[in-house]
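Below: one structure, written as structure tokens.
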Amino acid sequence: IDQIQALGRSTLSESESKKVLSAWGIAGTREVVAQSAQKAVEAAQSLGYPVALKIDSPDILHKSEAGVVRLNLKNAEEVERAYAEVMANAKQYAPDAAISGALVQEMISGGVEMIVGVSYDPQLGPMILFGSGGVMVEVFNDVTHRHCPINLHEAREMIAEVKGSKLLGGFRGKPAADVDALADTLVKVSYLAVHLEGKLAELDINPVMVLPAGQGIKAADALMVLQK
């Protein structure tokens, strides 16, 4: 983070954000940053199909809006086409954006999408947010907040307060999700928020994929914004 600030930047790309989360024991998806269509295909073959492909840029924060995300790519031809489309859309959306490449990422199936976030209140200091993830967070605003840091008991209280958490218990024949790993992740994020107070302005992990019990969680997307 100090290196990013030294460069005069206030946002981290998705891959950079996930590296910070990884340092705090929060797992991300298996992924590779590729600088060419051929490298993207090689990365996809190494990760195993299907894959997702996204722009990796600290200057394009709303990737879906910019048309720079492609999901469920099933073969080399689809990856090559997605790479060309994503790069073209990025240039059109933000001509001056710094682009480190395309992020080729494993597709996560069988998980429940939740959101975990951090913000800083002028009076209260670091706050953690938890709620239903993906597009649902904007549709239903099904979220709850706590002052950081929190303990496991408080993490479980947060989970219980969110209506969408019912999906974690197994729904319509799906296996129960790893609530233990999710609670542990909330605690870790709360301590990250305290530790980075004064440097971090905002953190969004959306979605956090909560995998079946015993398999943990994976941060499928992440955005960190630093204080200017």
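By order in the structure tokens, chains are A, B, ...; within a chain, residues start at 1; ligands start at 1, following the order shown.
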Using DSSP on the backbone coordinates, identify the residues of region 66-144 of chain A assigned to helix (DSSP H, G or I); present them as a ChimeraX atom specification.
/A:66,76-93,136-140
Take the selection from the previous step and output its residues with N, CA, C and O atoms, as a tab-separated table (two decimals), in the first residue's frame.
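Just written: part-v3.tsv:
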```
chain	number	residue	atom	x	y	z
A	66	ALA	N	-18.33	-0.81	-17.50
A	66	ALA	CA	-17.40	-0.52	-18.60
A	66	ALA	C	-17.37	-1.62	-19.66
A	66	ALA	O	-16.72	-1.46	-20.70
A	76	ALA	N	-10.35	-21.80	-26.03
A	76	ALA	CA	-9.34	-20.81	-26.42
A	76	ALA	C	-9.93	-19.72	-27.31
A	76	ALA	O	-9.60	-18.54	-27.17
A	77	GLU	N	-10.83	-20.11	-28.22
A	77	GLU	CA	-11.43	-19.13	-29.14
A	77	GLU	C	-12.22	-18.08	-28.34
A	77	GLU	O	-12.13	-16.88	-28.63
A	78	GLU	N	-12.98	-18.53	-27.36
A	78	GLU	CA	-13.77	-17.60	-26.55
A	78	GLU	C	-12.87	-16.68	-25.73
A	78	GLU	O	-13.17	-15.51	-25.54
A	79	VAL	N	-11.75	-17.21	-25.23
A	79	VAL	CA	-10.82	-16.39	-24.45
A	79	VAL	C	-10.18	-15.32	-25.34
A	79	VAL	O	-10.06	-14.16	-24.94
A	80	GLU	N	-9.76	-15.70	-26.54
A	80	GLU	CA	-9.14	-14.74	-27.47
A	80	GLU	C	-10.12	-13.62	-27.81
A	80	GLU	O	-9.76	-12.44	-27.83
A	81	ARG	N	-11.37	-14.00	-28.10
A	81	ARG	CA	-12.38	-13.00	-28.45
A	81	ARG	C	-12.65	-12.09	-27.24
A	81	ARG	O	-12.74	-10.87	-27.38
A	82	ALA	N	-12.75	-12.68	-26.06
A	82	ALA	CA	-13.02	-11.89	-24.85
A	82	ALA	C	-11.88	-10.92	-24.57
A	82	ALA	O	-12.13	-9.76	-24.19
A	83	TYR	N	-10.64	-11.37	-24.77
A	83	TYR	CA	-9.49	-10.49	-24.53
A	83	TYR	C	-9.56	-9.26	-25.44
A	83	TYR	O	-9.40	-8.13	-24.98
A	84	ALA	N	-9.84	-9.48	-26.72
A	84	ALA	CA	-9.92	-8.37	-27.68
A	84	ALA	C	-11.06	-7.42	-27.31
A	84	ALA	O	-10.89	-6.19	-27.33
A	85	GLU	N	-12.22	-7.97	-26.95
A	85	GLU	CA	-13.38	-7.13	-26.62
A	85	GLU	C	-13.13	-6.31	-25.35
A	85	GLU	O	-13.44	-5.12	-25.30
A	86	VAL	N	-12.58	-6.96	-24.34
A	86	VAL	CA	-12.34	-6.30	-23.06
A	86	VAL	C	-11.33	-5.17	-23.21
A	86	VAL	O	-11.51	-4.07	-22.68
A	87	MET	N	-10.26	-5.42	-23.96
A	87	MET	CA	-9.25	-4.39	-24.18
A	87	MET	C	-9.82	-3.20	-24.96
A	87	MET	O	-9.58	-2.04	-24.62
A	88	ALA	N	-10.61	-3.50	-25.99
A	88	ALA	CA	-11.22	-2.44	-26.80
A	88	ALA	C	-12.20	-1.61	-25.97
A	88	ALA	O	-12.20	-0.37	-26.03
A	89	ASN	N	-13.01	-2.29	-25.17
A	89	ASN	CA	-13.99	-1.58	-24.33
A	89	ASN	C	-13.31	-0.72	-23.27
A	89	ASN	O	-13.77	0.38	-22.95
A	90	ALA	N	-12.20	-1.23	-22.73
A	90	ALA	CA	-11.46	-0.46	-21.71
A	90	ALA	C	-10.91	0.83	-22.31
A	90	ALA	O	-11.01	1.90	-21.70
A	91	LYS	N	-10.35	0.73	-23.51
A	91	LYS	CA	-9.78	1.92	-24.17
A	91	LYS	C	-10.88	2.95	-24.46
A	91	LYS	O	-10.67	4.15	-24.34
A	92	GLN	N	-12.05	2.44	-24.87
A	92	GLN	CA	-13.15	3.34	-25.19
A	92	GLN	C	-13.71	3.98	-23.92
A	92	GLN	O	-14.03	5.18	-23.90
A	93	TYR	N	-13.84	3.20	-22.84
A	93	TYR	CA	-14.44	3.67	-21.60
A	93	TYR	C	-13.53	4.65	-20.87
A	93	TYR	O	-13.98	5.66	-20.33
A	136	MET	N	-27.39	-8.24	-5.91
A	136	MET	CA	-28.45	-8.15	-4.90
A	136	MET	C	-28.20	-7.04	-3.89
A	136	MET	O	-29.14	-6.48	-3.32
A	137	VAL	N	-26.92	-6.71	-3.65
A	137	VAL	CA	-26.64	-5.68	-2.64
A	137	VAL	C	-27.24	-4.33	-3.05
A	137	VAL	O	-27.73	-3.58	-2.22
A	138	GLU	N	-27.25	-4.06	-4.35
A	138	GLU	CA	-27.82	-2.80	-4.82
A	138	GLU	C	-29.34	-2.87	-4.92
A	138	GLU	O	-30.03	-1.86	-4.75
A	139	VAL	N	-29.88	-4.07	-5.16
A	139	VAL	CA	-31.33	-4.21	-5.32
A	139	VAL	C	-32.03	-4.18	-3.97
A	139	VAL	O	-33.01	-3.46	-3.77
A	140	PHE	N	-31.53	-4.95	-2.99
A	140	PHE	CA	-32.24	-5.12	-1.72
A	140	PHE	C	-31.60	-4.38	-0.55
A	140	PHE	O	-32.22	-4.23	0.50
```
Out of region 69-183 of chain A, which residues get strand (DSSP E or B) from DSSP, as number ranges by chain?
A: 69-73, 101-106, 112-121, 125-132, 143-147, 177
Each residue of region 57-156 of chain A lying at most 6 Å from region 209-227 of chain A should get a row with its shortest atom-to-atom pair and the distance in Å to one decimal, counting only C-alpha atoms; could you produce that, ordered by chain and increasing number, as CSV?
```
residue,atom,partner,partner_atom,distance
A:Gly111,CA,A:Leu211,CA,4.4
A:Val112,CA,A:Val210,CA,5.0
A:Glu113,CA,A:Met209,CA,4.9
```
Please produce a file of those selected residues containing C-alpha atoms, as a PDB file, in the first residue's frame.
```pdb
ATOM      1  CA  GLY A 111     -20.928 -20.925  -3.716  1.00  0.00           C
ATOM      2  CA  VAL A 112     -23.242 -18.355  -2.135  1.00  0.00           C
ATOM      3  CA  GLU A 113     -22.514 -14.734  -3.087  1.00  0.00           C
TER       4      GLU A 113
END
```
CA of Glu202 (chain A) to CA of Ala102 (chain A), straight-line distance in Å
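It comes out at 23.5 Å.
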From the list A:Ala34, A:Leu152, A:Ile26, A:Ile1, which residue is nearest Gln105 (chain A) when using only C-alpha atoms?
A:Ala34
Report, in Å with one decimal, the straight-line distance from CA of Ala155 (chain A) to CA of Ile108 (chain A).
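We find that CA of Ala155 (chain A) and CA of Ile108 (chain A) lie 23.9 Å from each other.
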